[in-house]
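Trainee: The structure file my_file.tsv (TSV, C-alpha atoms) is provided below.
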chain	number	residue	atom	x	y	z
A	1	MET	CA	34.91	43.09	-17.67
A	2	ALA	CA	35.54	44.14	-14.06
A	3	THR	CA	32.03	43.28	-12.90
A	4	PRO	CA	32.64	39.54	-12.26
A	5	ALA	CA	35.59	40.38	-10.02
A	6	VAL	CA	33.88	43.28	-8.27
A	7	GLU	CA	30.75	41.38	-7.23
A	8	PRO	CA	32.56	38.67	-5.16
A	9	CYS	CA	34.72	41.39	-3.62
A	10	ALA	CA	31.67	43.41	-2.61
A	11	ALA	CA	30.01	40.31	-1.16
A	12	ALA	CA	33.15	39.38	0.78
A	13	ALA	CA	33.59	42.93	2.08
A	14	ALA	CA	29.95	43.12	3.20
A	15	ALA	CA	30.10	39.82	5.12
A	16	ALA	CA	31.45	39.73	8.65
A	17	PRO	CA	34.96	38.20	8.85
A	18	PRO	CA	34.85	34.66	10.25
A	19	GLY	CA	37.97	35.15	12.35
A	20	LEU	CA	41.10	37.25	12.63
A	21	LEU	CA	41.56	37.31	8.84
A	22	ASP	CA	38.98	37.41	6.07
A	23	TYR	CA	40.36	34.92	3.55
A	24	ALA	CA	37.50	35.41	1.10
A	25	ALA	CA	38.24	39.15	0.99
A	26	ILE	CA	41.97	38.45	0.55
A	27	HIS	CA	41.20	36.25	-2.45
A	28	SER	CA	38.43	38.36	-4.01
A	29	CYS	CA	39.59	41.91	-3.24
A	30	LEU	CA	43.30	41.99	-2.49
A	31	LEU	CA	44.33	39.44	-5.14
A	32	ARG	CA	41.37	40.11	-7.49
A	33	GLY	CA	40.24	36.50	-7.53
A	34	ASP	CA	43.45	35.17	-9.08
A	35	ALA	CA	43.86	31.58	-7.83
A	36	ARG	CA	47.51	31.50	-8.96
A	37	LEU	CA	48.29	34.15	-6.35
A	38	SER	CA	45.71	33.21	-3.71
A	39	LEU	CA	46.61	29.54	-3.32
A	40	PRO	CA	50.35	30.08	-2.55
A	41	LEU	CA	49.55	32.91	-0.12
A	42	LEU	CA	46.86	30.88	1.66
A	43	ALA	CA	49.21	27.90	1.82
A	44	LEU	CA	51.84	30.10	3.47
A	45	LEU	CA	49.25	31.40	5.97
A	46	LEU	CA	48.18	27.81	6.59
A	47	ALA	CA	51.74	26.83	7.50
A	48	LEU	CA	52.08	29.90	9.74
A	49	HIS	CA	48.83	29.10	11.58
A	50	PHE	CA	49.88	25.50	12.10
A	51	ARG	CA	53.30	26.53	13.42
A	52	LEU	CA	51.75	28.98	15.86
A	53	LEU	CA	49.29	26.30	16.94
A	54	ALA	CA	52.07	23.78	17.51
A	55	ALA	CA	54.19	26.32	19.43
A	56	ALA	CA	51.29	27.25	21.72
A	57	ALA	CA	50.55	23.58	22.42
A	58	GLY	CA	54.11	22.37	22.86
A	59	ALA	CA	55.75	25.27	24.70
A	60	HIS	CA	52.85	26.51	26.83
A	61	PHE	CA	49.79	24.24	26.98
A	62	THR	CA	51.65	21.04	27.80
A	63	PRO	CA	53.75	22.51	30.68
A	64	ALA	CA	50.65	24.23	32.08
A	65	VAL	CA	48.66	20.97	32.09
A	66	SER	CA	51.54	19.09	33.72
A	67	ARG	CA	52.04	21.73	36.43
A	68	LEU	CA	48.33	22.02	37.20
A	69	ALA	CA	47.98	18.24	37.38
A	70	ALA	CA	50.96	18.08	39.75
A	71	ARG	CA	49.68	20.95	41.90
A	72	LEU	CA	46.17	19.48	42.15
A	73	ARG	CA	47.57	15.94	42.52
A	74	LEU	CA	45.49	14.62	39.65
A	75	SER	CA	46.08	11.20	38.14
A	76	PRO	CA	46.64	11.04	34.36
A	77	SER	CA	43.04	9.87	33.81
A	78	MET	CA	41.60	12.60	36.01
A	79	ALA	CA	43.78	15.24	34.36
A	80	ALA	CA	42.59	14.03	30.94
A	81	VAL	CA	38.86	14.17	31.73
A	82	THR	CA	39.11	17.57	33.46
A	83	LEU	CA	42.00	19.78	32.35
A	84	LEU	CA	42.67	18.28	28.92
A	85	ALA	CA	38.99	17.77	28.07
A	86	LEU	CA	38.12	21.32	29.09
A	87	GLY	CA	41.14	22.76	27.30
A	88	ASN	CA	40.55	20.87	24.06
A	89	GLY	CA	36.79	20.53	24.16
A	90	ALA	CA	35.39	23.74	25.61
A	91	PRO	CA	36.37	26.03	22.67
A	92	ASP	CA	35.02	23.47	20.17
A	93	ALA	CA	31.82	23.11	22.20
A	94	PHE	CA	31.26	26.88	22.22
A	95	ALA	CA	32.00	27.13	18.49
A	96	SER	CA	29.71	24.20	17.64
A	97	SER	CA	26.92	25.59	19.82
A	98	ALA	CA	27.21	29.00	18.15
A	99	ALA	CA	27.16	27.36	14.71
A	100	LEU	CA	24.11	25.25	15.55
A	101	ARG	CA	22.26	28.29	16.95
A	102	GLY	CA	23.13	30.51	14.00
A	103	GLY	CA	20.47	31.49	11.54
A	104	GLY	CA	20.33	29.34	8.44
A	105	GLY	CA	22.45	26.68	10.10
A	106	MET	CA	22.28	22.97	9.40
A	107	PRO	CA	21.95	21.06	12.68
A	108	ARG	CA	22.38	17.65	11.05
A	109	ALA	CA	25.58	18.79	9.33
A	110	GLY	CA	26.83	20.18	12.64
A	111	LEU	CA	26.13	16.90	14.44
A	112	ALA	CA	27.81	14.97	11.62
A	113	ALA	CA	30.87	17.22	11.95
A	114	ILE	CA	31.03	16.49	15.70
A	115	LEU	CA	30.87	12.74	15.04
A	116	SER	CA	33.50	12.98	12.29
A	117	ALA	CA	35.80	15.06	14.50
A	118	GLY	CA	35.46	12.53	17.32
A	119	ALA	CA	36.27	9.66	14.99
A	120	PHE	CA	39.30	11.55	13.68
A	121	VAL	CA	40.69	12.27	17.15
A	122	SER	CA	39.96	8.83	18.63
A	123	ALA	CA	41.57	7.08	15.65
A	124	PHE	CA	44.23	9.30	14.07
A	125	ALA	CA	45.35	11.05	17.27
A	126	VAL	CA	45.64	7.76	19.17
A	127	GLY	CA	47.82	6.38	16.37
A	128	ALA	CA	49.97	9.51	16.32
A	129	VAL	CA	50.48	9.40	20.09
A	130	ALA	CA	51.36	5.70	19.94
A	131	LEU	CA	53.87	6.24	17.14
A	132	ILE	CA	55.59	9.14	18.91
A	133	ALA	CA	55.65	7.91	22.52
A	134	ALA	CA	55.84	4.10	22.09
A	135	PRO	CA	56.66	1.93	23.89
A	136	PHE	CA	54.59	2.87	26.93
A	137	ALA	CA	52.15	1.12	29.26
A	138	VAL	CA	48.48	2.10	29.58
A	139	PRO	CA	46.29	0.88	32.47
A	140	PRO	CA	43.95	-1.68	30.82
A	141	ALA	CA	40.93	-0.89	32.99
A	142	SER	CA	41.17	2.85	32.37
A	143	PHE	CA	41.65	2.39	28.63
A	144	ALA	CA	38.68	0.00	28.33
A	145	ARG	CA	36.54	2.39	30.40
A	146	ASP	CA	37.37	5.40	28.22
A	147	VAL	CA	36.72	3.51	24.96
A	148	PHE	CA	33.43	2.06	26.25
A	149	PHE	CA	32.06	5.41	27.42
A	150	TYR	CA	33.14	7.10	24.20
A	151	LEU	CA	31.35	4.47	22.11
A	152	VAL	CA	28.18	4.86	24.18
A	153	ALA	CA	28.30	8.65	23.81
A	154	ALA	CA	28.93	8.44	20.06
A	155	SER	CA	26.06	5.96	19.68
A	156	GLY	CA	23.72	8.32	21.52
A	157	LEU	CA	24.66	11.25	19.30
A	158	PHE	CA	24.32	9.05	16.20
A	159	TYR	CA	20.76	8.19	17.28
A	160	VAL	CA	19.99	11.91	17.62
A	161	TYR	CA	21.47	12.46	14.16
A	162	LEU	CA	19.24	9.79	12.64
A	163	SER	CA	16.09	11.02	14.40
A	164	ALA	CA	16.87	14.65	13.44
A	165	GLU	CA	15.45	15.89	16.76
A	166	ILE	CA	16.56	16.15	20.36
A	167	PHE	CA	14.44	16.63	23.47
A	168	LEU	CA	15.31	18.39	26.69
A	169	TRP	CA	15.62	15.17	28.68
A	170	GLN	CA	18.11	13.84	26.11
A	171	ALA	CA	20.25	16.98	26.31
A	172	VAL	CA	20.24	16.86	30.11
A	173	GLY	CA	21.02	13.15	29.96
A	174	PHE	CA	24.09	13.79	27.81
A	175	VAL	CA	25.51	16.27	30.34
A	176	LEU	CA	24.72	13.99	33.28
A	177	PHE	CA	26.35	11.08	31.47
A	178	TYR	CA	29.63	13.01	31.28
A	179	VAL	CA	29.32	14.01	34.94
A	180	PHE	CA	28.82	10.33	35.78
A	181	PHE	CA	31.89	9.46	33.70
A	182	VAL	CA	34.05	11.98	35.58
A	183	GLY	CA	32.73	10.63	38.89
A	184	LEU	CA	33.56	7.07	37.84
A	185	VAL	CA	37.10	8.11	36.90
A	186	PHE	CA	37.52	9.75	40.29
A	187	TYR	CA	36.17	6.64	42.07
A	188	MET	CA	38.45	4.29	40.12
A	189	ASP	CA	41.47	6.48	40.88
A	190	LEU	CA	40.68	6.37	44.58
A	191	GLY	CA	40.37	2.58	44.45
A	192	ALA	CA	43.65	2.24	42.58
A	193	GLU	CA	45.71	4.09	45.20
A	194	GLY	CA	46.43	0.93	47.14
A	195	LYS	CA	47.54	-1.15	44.17
A	196	ALA	CA	51.16	-2.07	43.69
A	197	VAL	CA	51.36	-0.64	40.19
A	198	SER	CA	49.80	2.78	40.14
A	199	VAL	CA	49.33	5.14	37.26
A	200	THR	CA	52.17	7.29	38.55
A	201	GLU	CA	54.47	4.28	38.52
A	202	LEU	CA	53.41	3.55	34.97
A	203	GLU	CA	54.38	7.10	34.01
A	204	MET	CA	57.76	6.66	35.74
A	205	THR	CA	58.26	3.35	33.94
A	206	ASN	CA	57.37	4.98	30.63
A	207	GLY	CA	59.81	7.80	31.31
A	208	ALA	CA	62.54	5.35	32.33
A	209	ASP	CA	61.99	3.32	29.17
A	210	ARG	CA	62.20	6.39	26.98
A	211	ALA	CA	65.30	7.60	28.88
A	212	ALA	CA	66.92	4.20	28.36
A	213	MET	CA	66.09	4.39	24.67
A	214	ASP	CA	67.66	7.85	24.51
A	215	LEU	CA	70.89	6.90	26.32
A	216	PRO	CA	72.85	5.72	23.27
A	217	VAL	CA	72.26	9.04	21.51
A	218	THR	CA	75.23	11.31	22.23
A	219	MET	CA	76.34	14.74	21.08
A	220	GLU	CA	78.65	13.11	18.57
A	221	ASP	CA	75.66	11.31	17.08
A	222	HIS	CA	73.79	14.60	16.74
A	223	LYS	CA	76.81	16.16	15.04
A	224	GLN	CA	77.02	13.23	12.62
A	225	VAL	CA	73.30	13.57	11.84
A	226	LYS	CA	73.76	17.28	11.16
A	227	GLN	CA	76.74	16.55	8.90
A	228	GLN	CA	74.73	13.94	6.99
A	229	GLU	CA	71.73	16.28	6.69
A	230	PRO	CA	71.05	17.31	3.08
A	231	ALA	CA	71.79	20.89	2.14
A	232	LEU	CA	68.15	21.54	1.29
A	233	CYS	CA	67.02	20.45	4.76
A	234	ALA	CA	69.64	22.67	6.38
A	235	VAL	CA	68.43	25.64	4.32
A	236	LEU	CA	64.80	24.93	5.20
A	237	ARG	CA	65.75	24.68	8.88
A	238	LYS	CA	67.36	28.13	8.73
A	239	VAL	CA	64.38	29.57	6.89
A	240	THR	CA	61.94	28.26	9.50
A	241	LYS	CA	64.00	29.95	12.23
A	242	VAL	CA	63.15	33.29	10.60
A	243	TRP	CA	59.53	33.04	11.71
A	244	GLU	CA	60.27	31.21	14.96
A	245	TRP	CA	61.28	34.41	16.73
A	246	PRO	CA	58.11	36.43	15.88
A	247	ILE	CA	55.91	33.49	16.90
A	248	GLU	CA	57.78	33.04	20.18
A	249	PHE	CA	57.67	36.80	20.81
A	250	VAL	CA	53.88	37.01	20.28
A	251	LEU	CA	53.26	34.01	22.55
A	252	LYS	CA	55.46	35.44	25.31
A	253	LEU	CA	53.57	38.73	25.12
A	254	THR	CA	50.23	36.99	25.64
A	255	ILE	CA	50.99	33.82	27.67
A	256	PRO	CA	52.60	34.32	31.10
A	257	SER	CA	55.33	32.03	32.33
A	258	ALA	CA	54.88	30.50	35.78
A	259	LEU	CA	58.55	29.68	36.33
A	260	PRO	CA	60.53	32.19	38.43
A	261	SER	CA	63.60	31.55	36.26
A	262	GLU	CA	61.70	32.84	33.19
A	263	TRP	CA	60.36	35.96	34.92
A	264	ASN	CA	60.63	39.13	32.85
A	265	LYS	CA	59.08	42.43	33.91
A	266	ILE	CA	58.38	43.60	30.36
A	267	TYR	CA	56.65	40.39	29.35
A	268	ILE	CA	54.64	40.28	32.59
A	269	CYS	CA	53.40	43.83	32.03
A	270	ALA	CA	52.47	42.94	28.45
A	271	ASN	CA	50.61	39.87	29.76
A	272	ILE	CA	48.62	42.00	32.21
A	273	CYS	CA	47.76	44.48	29.47
A	274	LEU	CA	46.90	42.10	26.61
A	275	CYS	CA	45.44	38.96	28.21
A	276	PRO	CA	42.13	40.54	29.32
A	277	LEU	CA	41.65	42.04	25.86
A	278	LEU	CA	42.25	38.70	24.15
A	279	LEU	CA	39.89	36.93	26.53
A	280	LEU	CA	37.27	39.56	25.76
A	281	TYR	CA	37.78	38.86	22.05
A	282	SER	CA	37.26	35.15	22.65
A	283	PHE	CA	33.79	35.94	24.05
A	284	SER	CA	32.93	38.39	21.28
A	285	SER	CA	30.25	36.04	19.92
A	286	PHE	CA	28.39	36.53	23.21
A	287	ILE	CA	29.49	40.07	24.16
A	288	PRO	CA	30.39	42.33	21.19
A	289	LEU	CA	33.63	44.24	21.59
A	290	ASP	CA	31.98	47.55	20.68
A	291	THR	CA	29.27	47.29	23.35
A	292	ARG	CA	28.83	50.77	24.85
A	293	ILE	CA	29.03	51.05	28.64
A	294	VAL	CA	29.25	53.95	31.12
A	295	PHE	CA	32.72	54.32	32.61
A	296	LEU	CA	33.98	57.18	34.85
A	297	LEU	CA	32.06	59.86	32.92
A	298	PRO	CA	28.29	59.45	33.42
A	299	GLN	CA	27.31	61.17	30.18
A	300	ILE	CA	29.63	59.25	27.85
A	301	ARG	CA	29.45	55.62	26.82
A	302	PHE	CA	32.76	54.00	25.90
A	303	PRO	CA	33.28	50.80	23.89
A	304	LEU	CA	33.79	47.79	26.12
A	305	TRP	CA	37.19	46.97	24.61
A	306	SER	CA	38.53	50.46	25.41
A	307	VAL	CA	37.44	50.19	29.05
A	308	VAL	CA	39.10	46.79	29.43
A	309	LEU	CA	42.26	48.07	27.73
A	310	PHE	CA	42.40	51.14	29.98
A	311	ALA	CA	41.97	49.10	33.17
A	312	SER	CA	44.52	46.46	32.17
A	313	PHE	CA	46.99	49.13	31.05
A	314	CYS	CA	46.74	50.84	34.46
A	315	LEU	CA	47.35	47.51	36.21
A	316	ALA	CA	50.36	46.87	33.95
A	317	LEU	CA	51.84	50.28	34.79
A	318	SER	CA	51.39	49.71	38.52
A	319	HIS	CA	53.08	46.32	38.23
A	320	PHE	CA	55.97	47.84	36.28
A	321	PHE	CA	56.66	50.50	38.92
A	322	PHE	CA	56.00	48.55	42.11
A	323	GLU	CA	57.10	45.00	41.30
A	324	LYS	CA	60.89	44.85	41.58
A	325	GLU	CA	61.86	41.18	41.95
A	326	ALA	CA	60.80	37.82	40.56
A	327	PRO	CA	58.65	35.57	42.78
A	328	GLU	CA	60.58	32.99	44.75
A	329	THR	CA	58.22	30.10	44.00
A	330	GLU	CA	55.96	29.06	41.14
A	331	ASN	CA	52.67	30.93	41.16
A	332	ILE	CA	49.59	28.76	40.58
A	333	ALA	CA	47.62	31.80	39.37
A	334	SER	CA	50.17	32.36	36.60
A	335	THR	CA	50.00	28.66	35.72
A	336	LEU	CA	46.21	28.85	35.46
A	337	ILE	CA	46.36	31.98	33.29
A	338	SER	CA	49.00	30.31	31.12
A	339	PHE	CA	46.66	27.35	30.68
A	340	ILE	CA	43.73	29.61	29.73
A	341	MET	CA	45.74	31.72	27.29
A	342	SER	CA	47.34	28.69	25.63
A	343	VAL	CA	43.82	27.27	25.17
A	344	PHE	CA	42.85	30.61	23.60
A	345	TRP	CA	45.69	30.47	21.10
A	346	ILE	CA	45.07	26.80	20.27
A	347	SER	CA	41.38	27.46	19.72
A	348	THR	CA	41.97	30.66	17.73
A	349	MET	CA	44.64	29.19	15.49
A	350	ALA	CA	42.59	26.03	14.93
A	351	GLY	CA	39.71	28.28	13.84
A	352	GLU	CA	41.99	30.25	11.51
A	353	LEU	CA	43.34	26.97	10.14
A	354	LEU	CA	39.78	25.82	9.50
A	355	ASN	CA	38.77	29.07	7.80
A	356	CYS	CA	41.89	29.04	5.63
A	357	LEU	CA	41.30	25.42	4.61
A	358	ALA	CA	37.67	26.22	3.79
A	359	ALA	CA	38.76	29.18	1.63
A	360	ILE	CA	41.23	26.97	-0.24
A	361	GLY	CA	38.46	24.41	-0.78
A	362	VAL	CA	36.11	27.07	-2.17
A	363	ILE	CA	38.80	28.42	-4.51
A	364	MET	CA	39.48	24.89	-5.79
A	365	ASP	CA	35.71	24.25	-6.19
A	366	PHE	CA	35.45	21.33	-3.78
A	367	PRO	CA	31.85	20.10	-3.22
A	368	PRO	CA	30.28	21.52	-0.03
A	369	ALA	CA	29.48	18.02	1.27
A	370	ILE	CA	33.15	16.98	1.06
A	371	LEU	CA	34.24	20.23	2.69
A	372	GLY	CA	31.81	19.73	5.57
A	373	MET	CA	32.82	16.14	6.27
A	374	THR	CA	36.58	16.60	5.84
A	375	VAL	CA	37.76	20.18	6.30
A	376	LEU	CA	35.25	21.00	9.05
A	377	ALA	CA	35.83	17.77	10.95
A	378	TRP	CA	39.61	17.73	10.57
A	379	GLY	CA	39.99	21.45	11.14
A	380	ASN	CA	38.04	21.29	14.42
A	381	SER	CA	40.28	18.40	15.53
A	382	VAL	CA	43.66	19.95	14.78
A	383	GLY	CA	43.88	21.57	18.21
A	384	ASP	CA	43.13	18.26	19.96
A	385	LEU	CA	45.64	16.43	17.78
A	386	VAL	CA	48.47	18.91	18.33
A	387	ALA	CA	47.84	19.14	22.08
A	388	ASP	CA	47.74	15.35	22.54
A	389	VAL	CA	50.89	14.85	20.47
A	390	ALA	CA	52.68	17.61	22.42
A	391	LEU	CA	51.77	15.89	25.69
A	392	ALA	CA	53.08	12.58	24.37
A	393	ARG	CA	56.37	14.19	23.36
A	394	ALA	CA	56.65	15.76	26.82
A	395	GLY	CA	56.53	12.32	28.44
A	396	GLN	CA	52.82	12.21	29.34
A	397	PRO	CA	51.45	9.54	26.96
A	398	THR	CA	48.87	8.23	29.45
A	399	ILE	CA	47.24	11.67	29.71
A	400	ALA	CA	47.41	12.04	25.93
A	401	ILE	CA	45.74	8.67	25.26
A	402	ALA	CA	42.99	9.37	27.79
A	403	GLY	CA	42.53	12.84	26.31
A	404	CYS	CA	42.00	11.34	22.84
A	405	PHE	CA	38.71	9.94	24.16
A	406	ALA	CA	37.81	12.46	26.88
A	407	GLY	CA	38.02	15.51	24.58
A	408	PRO	CA	35.70	14.18	21.85
A	409	MET	CA	33.36	12.81	24.53
A	410	PHE	CA	33.16	16.28	26.09
A	411	ASN	CA	32.26	17.72	22.66
A	412	ILE	CA	29.63	15.04	22.02
A	413	LEU	CA	27.92	15.23	25.41
A	414	CYS	CA	28.27	18.93	26.29
A	415	THR	CA	27.65	20.57	22.90
As structure tokens, how would this structure be written, given the file I've shared?

Mentor:
Amino acid sequence: MATPAVEPCAAAAAAAPPGLLDYAAIHSCLLRGDARLSLPLLALLLALHFRLLAAAAGAHFTPAVSRLAARLRLSPSMAAVTLLALGNGAPDAFASSAALRGGGGMPRAGLAAILSAGAFVSAFAVGAVALIAAPFAVPPASFARDVFFYLVAASGLFYVYLSAEIFLWQAVGFVLFYVFFVGLVFYMDLGAEGKAVSVTELEMTNGADRAAMDLPVTMEDHKQVKQQEPALCAVLRKVTKVWEWPIEFVLKLTIPSALPSEWNKIYICANICLCPLLLLYSFSSFIPLDTRIVFLLPQIRFPLWSVVLFASFCLALSHFFFEKEAPETENIASTLISFIMSVFWISTMAGELLNCLAAIGVIMDFPPAILGMTVLAWGNSVGDLVADVALARAGQPTIAIAGCFAGPMFNILCT
């Protein structure tokens, strides 16, 4: 009687884990294939992944994008097609490319997932941003340009999907089309500098409108809302605070803060020690972590991860002993590292969210076609959605709206 449960467990244990956790092994081995135990546990992990994803986007990715855009003096459109598109699109592009290159892959299904993800972001994410940040003004020319170029890119990929083949000149043309789009955005921003109403003024107007809307809300109003809050909601709010601290602690250990007021020697040393190791893990599909290299001792080959950990640990110790005071000004290097690490967490948690959703779909016997067109597309778009919504909440709706089209366009043209 144990054979039916042992065979899936053996198959799950033999397969390489798709991410940080092996959800198939948790279901088949740890919980012995019992759906009554697996589904609640996977649902709890799903909520934890989504909370970590939202915390990384709201507390770290959004401030990093805003500070980098301010430092580089980028307009909202330019920030969307460069910083936001790279942050949201590059991890998805690498993952999609790896999936399309993998043995036994389905290129048409992969292309369909890219199209579905783009449709999800350009429709659902735009609506979410509009609902959260409205009312706000969007430059009509920039909005029409972004929509037009996205439709052209999606039409080109749809043609490739129908023909079931792609040639070298088409692939090069896709990349050049995005380069041309970025150049056009840069040219339009230069031409708009002399206009009376600039994009920056639109952002200030949007912020003033939202500030005016927030003026009537006072501390007494917040107290009345808390008093009128149902007991169940108050209990749930206290329960969610239980896992807020571990999530915040993990993010602080791995994402540096660029503000001098938030400087902490212990966290900075942990950042120096852990960030290189996490970045190495993010490239593990290209460079395996256990790759043997010669280091210090010529006759012994050490795993690559141990060499990186040793070097980063030595740098962390030197920083701990020699760095005594916080920097006086904001460090752009720390801001850039914060941007990269927040992208890492958004990409990693979106992947874990996708794998967890796929495992739930398999346990509930969903058809593979439905899983591919829904879970795969939506799961790949969760990071874009959360990042765009976090930017809108932070008072940057113009960047968020532009990113809703620039991110999917980057995936379509550069994957």

Trainee: Write out as a PyMOL selection string the residues lying within 7 Å of A:Ala64, counting only C-alpha atoms and excluding same-chain residues fewer than 5 positions away.

Mentor: chain A and resi 335+338-339

Trainee: Which one is closest to A:Ile255: A:Leu296, A:Ile272, A:Ala141, A:Ala10? Count all atoms listed in the file.

Mentor: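 Of the candidates, the smallest distance to A:Ile255 is held by A:Ile272.
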
Trainee: To one decimal place in Å, what is the distance between atom CA of A:Ile340 and atom CA of A:Ala24?

Mentor: 29.9 Å

Trainee: Within 10 Å of stretch 142-149 of chain A, counting all atoms listed in the file, which residues show up once you throw out same-chain ones fewer than 5 positions away? Write them as a list in words, please.

Mentor: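 The residues satisfying every condition are Ser77, Val81, Ser122, Ala154, Ser155, Phe177, Tyr178, Phe181, Leu184, Val185, Met188, Asp189, Val199, Thr398, Ile401, Ala402, Gly403, Cys404, Phe405, Ala406 and Met409 of chain A.
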
Trainee: Given all atoms listed in the file as the basis, pick out the residue of A:Gly118, A:Pro17, A:Pro367, A:Gly395 nearest to A:Ile412.

Mentor: A:Gly118

Trainee: Which neighbours of A:Phe186 fall inside 10 Å, counting only C-alpha atoms, when residues of the same chain fewer than 6 positions from it are skipped, and could you give them as an NGL selection string?

Mentor: :A and (74-75 or 77-78 or 81 or 180 or 192)

Trainee: Which of these, A:Asp290, A:Val308, A:Pro40, A:Leu157, has the shortest distance to A:Ile114 once you count all atoms listed in the file?

Mentor: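 Going through A:Asp290, A:Val308, A:Pro40, A:Leu157 one by one, the smallest distance to A:Ile114 is for A:Leu157.
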
Trainee: For each of A:Tyr187, A:Tyr150, A:Tyr281, A:Phe344, take the minimum atom-to-atom distance to A:His60, counting all atoms listed in the file, then give the residue where this is smallest.

Mentor: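 Selected residue with least distance to A:His60: A:Phe344.
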
Trainee: Grab the atom CA of A:Leu274 to atom CA of A:Trp305 distance for me, in Å with one decimal place.

Mentor: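 About the pair atom CA of A:Leu274 and atom CA of A:Trp305: they are 11.0 Å apart.
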
Trainee: A:Val172: which residues within 10 Å, counting only C-alpha atoms, same-chain residues fewer than 4 positions away excluded, as a list in words?

Mentor: Phe167, Leu168, Leu176, Phe177, Leu413 and Cys414 of chain A
